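File shown: structure_10.txt (compact mmCIF, C-alpha atoms and all ligand atoms).
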# COMPACT_ATOMS: atom_id res chain seq x y z
CA ASP A 223 11.28 -61.81 -6.12
CA ILE A 224 10.50 -58.26 -5.16
CA PRO A 225 6.96 -56.95 -5.65
CA GLN A 226 6.41 -53.72 -7.56
CA PRO A 227 5.65 -50.99 -5.02
CA THR A 228 2.45 -48.94 -5.32
CA TYR A 229 4.32 -45.74 -4.43
CA LYS A 230 7.80 -44.55 -5.35
CA ARG A 231 8.36 -41.93 -2.64
CA VAL A 232 6.63 -41.94 0.72
CA MET A 233 6.73 -40.26 4.10
CA LEU A 234 6.60 -42.54 7.15
CA LYS A 235 5.39 -40.78 10.29
CA ILE A 236 5.71 -42.53 13.62
CA SER A 237 5.23 -41.17 17.10
CA GLY A 238 8.06 -41.09 19.56
CA GLU A 239 6.08 -43.50 21.71
CA ALA A 240 6.40 -46.14 18.99
CA LEU A 241 10.09 -46.38 19.91
CA MET A 242 9.67 -46.95 23.62
CA GLY A 243 8.35 -50.53 23.46
CA ASP A 244 6.88 -51.67 26.77
CA GLN A 245 8.81 -49.07 28.72
CA GLY A 246 6.99 -45.98 29.94
CA PHE A 247 9.63 -43.61 28.63
CA GLY A 248 12.52 -43.19 26.23
CA LEU A 249 14.00 -45.53 23.69
CA ASN A 250 13.89 -49.32 23.59
CA PRO A 251 16.70 -50.40 21.24
CA PRO A 252 15.10 -53.72 20.13
CA THR A 253 11.94 -51.79 19.21
CA VAL A 254 13.92 -49.21 17.25
CA GLU A 255 15.71 -52.07 15.49
CA ARG A 256 12.42 -53.79 14.64
CA ILE A 257 11.02 -50.63 13.05
CA ALA A 258 14.29 -50.11 11.20
CA GLN A 259 13.85 -53.62 9.75
CA GLU A 260 10.37 -52.66 8.52
CA VAL A 261 11.81 -49.55 6.89
CA LYS A 262 14.62 -51.56 5.31
CA SER A 263 12.17 -54.05 3.84
CA VAL A 264 10.40 -51.20 2.02
CA HIS A 265 13.68 -49.56 1.06
CA ASP A 266 14.70 -52.91 -0.49
CA MET A 267 11.72 -52.57 -2.85
CA GLY A 268 13.28 -49.42 -4.26
CA VAL A 269 10.91 -47.02 -2.51
CA GLU A 270 12.37 -43.62 -1.58
CA ILE A 271 11.69 -43.07 2.11
CA CYS A 272 11.29 -39.95 4.20
CA MET A 273 10.67 -40.27 7.92
CA VAL A 274 9.48 -38.03 10.70
CA ILE A 275 9.61 -39.35 14.24
CA GLY A 276 7.84 -37.59 17.10
CA GLY A 277 9.30 -36.89 20.50
CA GLY A 278 6.52 -37.83 22.88
CA ASN A 279 8.54 -40.70 24.37
CA ILE A 280 10.93 -38.11 25.77
CA PHE A 281 9.22 -34.73 26.00
CA ARG A 282 6.11 -32.91 24.83
CA GLY A 283 5.78 -29.14 24.92
CA LEU A 284 2.26 -29.23 26.29
CA GLN A 285 3.34 -31.47 29.13
CA GLY A 286 6.09 -29.01 30.06
CA SER A 287 3.83 -25.99 29.88
CA ALA A 288 1.22 -27.74 32.03
CA GLN A 289 3.93 -27.90 34.69
CA GLY A 290 4.56 -24.18 34.49
CA MET A 291 7.32 -24.10 31.88
CA GLU A 292 7.22 -21.38 29.25
CA ARG A 293 5.42 -22.89 26.27
CA THR A 294 7.87 -22.06 23.49
CA THR A 295 10.83 -23.24 25.57
CA ALA A 296 9.00 -26.47 26.28
CA ASP A 297 8.27 -26.87 22.56
CA TYR A 298 11.96 -26.43 21.71
CA MET A 299 12.71 -29.19 24.21
CA GLY A 300 10.17 -31.35 22.39
CA MET A 301 11.87 -30.60 19.07
CA LEU A 302 15.25 -31.58 20.54
CA ALA A 303 13.69 -34.86 21.70
CA THR A 304 12.82 -35.65 18.07
CA VAL A 305 16.49 -35.22 17.14
CA MET A 306 17.48 -37.89 19.66
CA ASN A 307 14.90 -40.27 18.23
CA ALA A 308 16.08 -39.53 14.70
CA LEU A 309 19.68 -40.31 15.64
CA ALA A 310 18.63 -43.58 17.25
CA MET A 311 16.77 -44.56 14.09
CA GLN A 312 19.70 -43.54 11.90
CA SER A 313 22.00 -45.71 13.95
CA ALA A 314 19.65 -48.70 13.66
CA LEU A 315 19.15 -48.24 9.90
CA GLU A 316 22.85 -47.88 9.22
CA GLY A 317 23.44 -50.98 11.32
CA LEU A 318 21.31 -52.74 8.71
CA GLY A 319 23.29 -51.20 5.88
CA VAL A 320 20.75 -48.54 4.88
CA TYR A 321 22.36 -45.16 4.22
CA THR A 322 20.49 -42.54 6.19
CA ARG A 323 20.62 -38.78 6.70
CA VAL A 324 19.22 -36.95 9.67
CA ILE A 325 18.11 -33.50 8.55
CA SER A 326 17.17 -30.99 11.20
CA ALA A 327 14.85 -28.00 10.90
CA ILE A 328 17.06 -26.39 13.57
CA PRO A 329 20.70 -26.29 12.43
CA MET A 330 23.08 -28.28 14.61
CA ASP A 331 25.90 -28.98 12.25
CA GLN A 332 27.98 -31.19 14.51
CA VAL A 333 25.07 -33.55 14.97
CA CYS A 334 23.26 -33.75 11.64
CA GLU A 335 22.56 -31.85 8.42
CA PRO A 336 20.58 -28.64 8.25
CA TYR A 337 17.43 -28.75 6.15
CA ILE A 338 18.10 -27.66 2.57
CA ARG A 339 15.24 -28.82 0.39
CA ARG A 340 17.15 -29.52 -2.81
CA ARG A 341 19.84 -31.37 -0.93
CA ALA A 342 17.27 -33.57 0.76
CA VAL A 343 15.67 -34.38 -2.59
CA ARG A 344 19.09 -35.39 -3.90
CA HIS A 345 19.60 -37.73 -0.94
CA LEU A 346 16.30 -39.41 -1.74
CA GLU A 347 17.24 -39.80 -5.39
CA LYS A 348 20.45 -41.49 -4.29
CA GLY A 349 18.45 -43.95 -2.19
CA ARG A 350 19.23 -42.55 1.23
CA VAL A 351 16.53 -42.59 3.87
CA CYS A 352 15.95 -39.00 5.05
CA ILE A 353 14.85 -38.57 8.65
CA PHE A 354 13.52 -35.07 9.18
CA ALA A 355 14.15 -33.98 12.75
CA ALA A 356 13.27 -31.02 14.99
CA GLY A 357 9.72 -30.88 13.61
CA THR A 358 8.98 -27.75 11.63
CA GLY A 359 11.50 -25.81 13.71
CA ASN A 360 8.66 -23.75 15.17
CA PRO A 361 6.85 -23.97 18.48
CA TYR A 362 3.07 -24.55 18.52
CA PHE A 363 3.34 -27.22 15.84
CA THR A 364 3.51 -30.97 16.03
CA THR A 365 5.52 -33.57 14.21
CA ASP A 366 2.34 -34.59 12.33
CA THR A 367 2.37 -31.15 10.76
CA ALA A 368 6.12 -31.44 10.16
CA ALA A 369 5.55 -34.78 8.39
CA THR A 370 2.87 -33.25 6.18
CA LEU A 371 5.00 -30.20 5.40
CA ARG A 372 8.07 -32.24 4.47
CA ALA A 373 5.98 -34.77 2.52
CA ASN A 374 4.67 -31.89 0.40
CA GLU A 375 8.11 -30.36 -0.04
CA MET A 376 9.64 -33.71 -1.01
CA ALA A 377 6.73 -34.50 -3.34
CA CYS A 378 5.89 -37.71 -1.51
CA GLU A 379 2.89 -39.53 -2.94
CA ALA A 380 1.47 -40.37 0.48
CA ILE A 381 2.06 -40.16 4.20
CA PHE A 382 2.14 -43.51 5.97
CA LYS A 383 1.10 -42.97 9.55
CA GLY A 384 2.13 -45.98 11.62
CA THR A 385 -0.02 -46.47 14.70
CA LYS A 386 -0.96 -49.19 17.19
CA VAL A 387 -4.10 -50.11 15.20
CA ASP A 388 -4.70 -50.97 11.56
CA GLY A 389 -6.56 -47.83 10.55
CA VAL A 390 -9.06 -45.18 11.53
CA TYR A 391 -12.08 -46.30 13.55
CA ASP A 392 -15.35 -44.54 14.36
CA LYS A 393 -14.42 -44.81 18.05
CA ASP A 394 -11.43 -45.98 20.04
CA PRO A 395 -10.99 -49.66 19.02
CA VAL A 396 -8.90 -50.44 22.08
CA ASN A 397 -11.79 -49.72 24.47
CA ASN A 398 -14.79 -50.42 22.19
CA ALA A 399 -15.25 -53.93 20.80
CA ASP A 400 -17.90 -52.66 18.34
CA ALA A 401 -15.66 -49.97 16.82
CA VAL A 402 -15.75 -50.02 13.00
CA ARG A 403 -12.73 -49.36 10.79
CA TYR A 404 -13.08 -47.11 7.77
CA ASP A 405 -11.50 -48.29 4.51
CA LYS A 406 -11.58 -44.72 3.26
CA VAL A 407 -12.47 -41.47 4.93
CA SER A 408 -12.39 -37.86 3.74
CA TYR A 409 -10.24 -35.15 5.29
CA ASP A 410 -13.39 -33.22 6.15
CA ASP A 411 -14.90 -36.18 7.98
CA VAL A 412 -11.69 -36.67 9.95
CA LEU A 413 -11.89 -33.01 11.01
CA ALA A 414 -15.67 -32.86 11.60
CA LYS A 415 -15.82 -36.14 13.53
CA ARG A 416 -12.52 -35.45 15.29
CA LEU A 417 -11.27 -38.89 14.36
CA GLY A 418 -7.86 -38.25 15.82
CA VAL A 419 -5.73 -39.40 12.88
CA MET A 420 -3.43 -36.40 13.12
CA ASP A 421 -3.95 -32.93 14.54
CA ALA A 422 -6.21 -30.53 12.65
CA SER A 423 -3.45 -28.39 11.15
CA ALA A 424 -1.74 -31.47 9.70
CA ILE A 425 -5.02 -32.76 8.22
CA ALA A 426 -5.81 -29.36 6.71
CA LEU A 427 -2.35 -29.12 5.16
CA ALA A 428 -2.72 -32.59 3.67
CA ARG A 429 -6.21 -31.77 2.38
CA ASP A 430 -5.14 -28.48 0.78
CA ASN A 431 -2.42 -30.31 -1.15
CA ASN A 432 -4.38 -33.48 -1.81
CA LEU A 433 -1.85 -35.68 -0.03
CA PRO A 434 -3.30 -39.05 1.00
CA ILE A 435 -2.68 -40.36 4.52
CA ILE A 436 -2.46 -44.12 4.92
CA VAL A 437 -3.09 -45.13 8.53
CA PHE A 438 -1.77 -48.61 9.30
CA SER A 439 -0.48 -50.75 12.16
CA LEU A 440 3.19 -50.55 12.86
CA ASP A 441 2.85 -53.51 15.24
CA GLU A 442 1.96 -55.84 12.37
CA PRO A 443 5.23 -57.45 11.20
CA GLY A 444 5.69 -56.82 7.47
CA GLY A 445 2.68 -54.51 7.46
CA PHE A 446 4.41 -51.51 5.92
CA ARG A 447 5.88 -53.55 3.08
CA GLY A 448 2.59 -55.39 2.67
CA ILE A 449 0.64 -52.21 2.02
CA LEU A 450 3.23 -51.01 -0.48
CA SER A 451 2.79 -54.35 -2.25
CA GLY A 452 -0.98 -53.80 -2.42
CA LYS A 453 -1.95 -56.01 0.56
CA GLY A 454 -3.09 -55.61 4.16
CA THR A 455 -5.64 -53.52 6.00
CA TYR A 456 -5.41 -49.78 6.47
CA THR A 457 -7.47 -46.63 6.18
CA ARG A 458 -6.88 -44.18 3.36
CA VAL A 459 -7.61 -40.60 4.32
CA GLY A 460 -8.05 -38.60 1.14
CA SER A 461 -10.46 -37.00 -1.24
N1 LIG B 1 7.27 -29.67 18.41
C1 LIG B 1 7.21 -28.32 18.08
N2 LIG B 1 7.17 -27.97 16.76
C2 LIG B 1 7.14 -28.87 15.76
C3 LIG B 1 7.16 -30.25 16.09
C4 LIG B 1 7.22 -30.61 17.43
O1 LIG B 1 7.21 -27.46 18.96
O2 LIG B 1 7.11 -28.48 14.58
C5 LIG B 1 7.42 -30.06 19.83
C6 LIG B 1 6.11 -30.06 20.59
O3 LIG B 1 6.36 -29.57 21.88
C7 LIG B 1 5.75 -31.53 20.65
C8 LIG B 1 7.11 -32.19 20.75
O4 LIG B 1 7.94 -31.37 19.91
O5 LIG B 1 4.97 -31.83 21.77
C9 LIG B 1 7.16 -33.63 20.30
O6 LIG B 1 6.48 -33.81 19.10
P1 LIG B 1 5.07 -34.61 19.00
O7 LIG B 1 4.23 -34.29 20.20
O8 LIG B 1 4.49 -34.31 17.67
O9 LIG B 1 5.56 -36.10 19.08
P2 LIG B 1 4.72 -37.48 18.99
O10 LIG B 1 3.41 -37.27 19.69
O11 LIG B 1 4.51 -37.77 17.52
O12 LIG B 1 5.62 -38.48 19.63
Please express the file's structure as structure tokens.
Ligand code: UDP
Amino acid sequence: DIPQPTYKRVMLKISGEALMGDQGFGLNPPTVERIAQEVKSVHDMGVEICMVIGGGNIFRGLQGSAQGMERTTADYMGMLATVMNALAMQSALEGLGVYTRVISAIPMDQVCEPYIRRRAVRHLEKGRVCIFAAGTGNPYFTTDTAATLRANEMACEAIFKGTKVDGVYDKDPVNNADAVRYDKVSYDDVLAKRLGVMDASAIALARDNNLPIIVFSLDEPGGFRGILSGKGTYTRVGS
């Protein structure tokens, strides 16, 4: 018996690091598979799912430019890293029988589809998971901003930001035993208190379009599905 989901179309944003498991770098296939299972369990509820996966497990533009690389070139390398992660997730999802499209902001037709908004919407309506790759296609942005942009374009009802902890805390909960989790927090407080949910441009874009951000733990088995069934702990960033 399948619970009625609280949202019909959502964006799931995960960092590239979420795919590397205990390794210090790259992709850990069992971890990718585990996350794919979580996505499938929500897809099984009839929820239309968009995904954006970061690239930090492979390459970050800032890291390259700190080592003397030209910033925009380094950012393009970061965007390409997100395509690799998207393909790995597509492979894992399709292994579970979930039809998936990888849609890149930078056309690479032999590898995946180019981003055409109406086409992506159609995929969602047909029940295909859409993984948006290559970020926004522009340097100086992050995949958090890409997730917010695509969530707006696809008319998602919320962004689900999967992290290592079950919400937004007043200070780092990993290093501070007395850290307190917010149930709800406003966009402005996230920005003013620098709560580190997403970067400032992503938060501002969500705020200006009134798009809620649900911060939850991706490490909690069944957590994603739980929240969509109205259970579990998380922080809702919104107005
Ligand atoms: N990137 C970019 N434009 C975008 C999205 C990403 O230039 O619209 C680059 C940027 O260099 C970034 C890298 O891709 O460092 C990987 O993305 P991100 O750091 O957001 O990944 P995450 O931290 O979520 O794993």
Show me, as a list in words, the residues that have an atom within 9 Å of segment 257-267 of chain A when counting all atoms listed in the file, minus same-chain residues fewer than 4 positions from it.
Ile224, Pro225, Gln226, Pro227, Leu234, Ala240, Leu241, Pro252, Thr253, Ile271, Met311, Gln312, Ala314, Leu315, Leu318, Gly319, Val320, Gly349, Arg350, Val351, Leu440, Asp441, Pro443, Gly444, Gly445, Phe446, Arg447, Gly448 and Leu450 of chain A
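Reported to one decimal place, the separation of atom CA of Gly248 of chain A from atom CA of Leu346 of chain A is 28.5 Å.
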Name the closest residue to Thr457 of chain A among the candidates A:Thr295, A:Asn250, A:Ser287, A:Ser408; distances are taken between atoms, counting all atoms listed in the file.
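Comparing A:Thr295, A:Asn250, A:Ser287, A:Ser408 against Thr457 of chain A, the winner is A:Ser408.
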Residues of chain A that have any atom at most 10 Å from an atom of ligand LIG 1 (chain B): could you tabulate them with the shortest-distance atom pair and the distance in Å to one decimal, using only C-alpha atoms and all ligand atoms, ordered by chain and increasing number, as a tab-separated table?
residue	atom	partner	partner_atom	distance
A:Lys235	CA	B:LIG1	O11	7.9
A:Ile236	CA	B:LIG1	O11	6.3
A:Ser237	CA	B:LIG1	O11	3.5
A:Gly238	CA	B:LIG1	O12	3.6
A:Glu239	CA	B:LIG1	O12	5.5
A:Ala240	CA	B:LIG1	O12	7.7
A:Leu241	CA	B:LIG1	O12	9.1
A:Val274	CA	B:LIG1	O11	8.4
A:Ile275	CA	B:LIG1	O11	6.3
A:Gly276	CA	B:LIG1	O11	3.4
A:Gly277	CA	B:LIG1	C9	3.9
A:Gly278	CA	B:LIG1	O12	3.4
A:Asn279	CA	B:LIG1	O12	6.0
A:Ile280	CA	B:LIG1	C9	8.0
A:Phe281	CA	B:LIG1	C9	6.2
A:Arg282	CA	B:LIG1	O5	3.4
A:Gly283	CA	B:LIG1	O3	3.1
A:Leu284	CA	B:LIG1	O5	5.9
A:Gln285	CA	B:LIG1	O5	7.5
A:Gly286	CA	B:LIG1	O3	8.2
A:Ser287	CA	B:LIG1	O3	9.1
A:Arg293	CA	B:LIG1	O3	8.0
A:Thr294	CA	B:LIG1	O1	7.1
A:Thr295	CA	B:LIG1	O3	8.6
A:Ala296	CA	B:LIG1	O3	6.0
A:Asp297	CA	B:LIG1	O3	3.4
A:Tyr298	CA	B:LIG1	O1	5.6
A:Met299	CA	B:LIG1	O3	6.8
A:Gly300	CA	B:LIG1	O4	3.3
A:Met301	CA	B:LIG1	O4	4.1
A:Leu302	CA	B:LIG1	O4	7.3
A:Ala303	CA	B:LIG1	C9	6.8
A:Thr304	CA	B:LIG1	C9	6.4
A:Val305	CA	B:LIG1	O4	9.8
A:Asn307	CA	B:LIG1	O12	9.6
A:Ala327	CA	B:LIG1	O2	8.6
A:Ala355	CA	B:LIG1	C3	8.6
A:Ala356	CA	B:LIG1	C3	6.3
A:Gly357	CA	B:LIG1	C3	3.6
A:Thr358	CA	B:LIG1	O2	3.6
A:Gly359	CA	B:LIG1	O2	5.2
A:Asn360	CA	B:LIG1	N2	4.7
A:Pro361	CA	B:LIG1	O1	3.5
A:Tyr362	CA	B:LIG1	O1	5.1
A:Phe363	CA	B:LIG1	N2	4.0
A:Thr364	CA	B:LIG1	C3	3.7
A:Thr365	CA	B:LIG1	O8	3.7
A:Asp366	CA	B:LIG1	O8	5.8
A:Thr367	CA	B:LIG1	O2	6.6
A:Ala368	CA	B:LIG1	O2	5.4
A:Ala369	CA	B:LIG1	O2	9.0
A:Leu371	CA	B:LIG1	O2	9.6
A:Met420	CA	B:LIG1	O11	9.2
A:Asp421	CA	B:LIG1	O8	9.1
Take the point (16.8, -32.9, 3.1) as written in the file and pick out every residue within 10 Å of it, counting all atoms listed in the file; give the list as a list in words.
Cys272, Arg323, Val324, Ile325, Ser326, Ala327, Glu335, Pro336, Tyr337, Ile338, Arg339, Arg340, Arg341, Ala342, Val343, Arg344, His345, Leu346, Val351, Cys352, Ile353, Phe354, Arg372, Glu375 and Met376 of chain A
Among the residues A:Val396, A:Leu433, A:Met242, A:Ala414, the one that comes closest to Arg256 of chain A [using all atoms listed in the file]
A:Met242
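The gap separating atom CA of Asn432 of chain A from atom CA of Arg458 of chain A is 12.1 Å, in Å to one decimal.
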I want to know what sits within 10 Å of Tyr404 of chain A, based on all atoms listed in the file, with residues of the same chain fewer than 2 positions away left out; could you give that as a VMD selection string?
chain A and resid 388 to 392 401 to 402 406 to 407 455 to 459
Just C-alpha atoms for this one: save the residues we selected as a compact mmCIF listing (two decimals), in the frame of the given file.
# COMPACT_ATOMS: atom_id res chain seq x y z
CA ASP A 388 -4.70 -50.97 11.56
CA GLY A 389 -6.56 -47.83 10.55
CA VAL A 390 -9.06 -45.18 11.53
CA TYR A 391 -12.08 -46.30 13.55
CA ASP A 392 -15.35 -44.54 14.36
CA ALA A 401 -15.66 -49.97 16.82
CA VAL A 402 -15.75 -50.02 13.00
CA LYS A 406 -11.58 -44.72 3.26
CA VAL A 407 -12.47 -41.47 4.93
CA THR A 455 -5.64 -53.52 6.00
CA TYR A 456 -5.41 -49.78 6.47
CA THR A 457 -7.47 -46.63 6.18
CA ARG A 458 -6.88 -44.18 3.36
CA VAL A 459 -7.61 -40.60 4.32
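What separates atom CA of Ala426 of chain A from atom CA of Tyr409 of chain A is a distance of 7.4 Å.
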Restricting the calculation to only C-alpha atoms: of A:Asp405, A:Glu255, A:Glu270, A:Asp411, which residue gets closest to Ala373 of chain A?
A:Glu270
In the coordinates of the file, take the point (3.6, -47.6, 0.2) and a cut-off of 9 Å; then, counting all atoms listed in the file, name each qualifying protein, DNA or RNA residue as JSON, numbers by chain.
{"A": [227, 228, 229, 230, 231, 232, 233, 264, 269, 379, 380, 381, 382, 436, 446, 447, 448, 449, 450, 451, 452]}
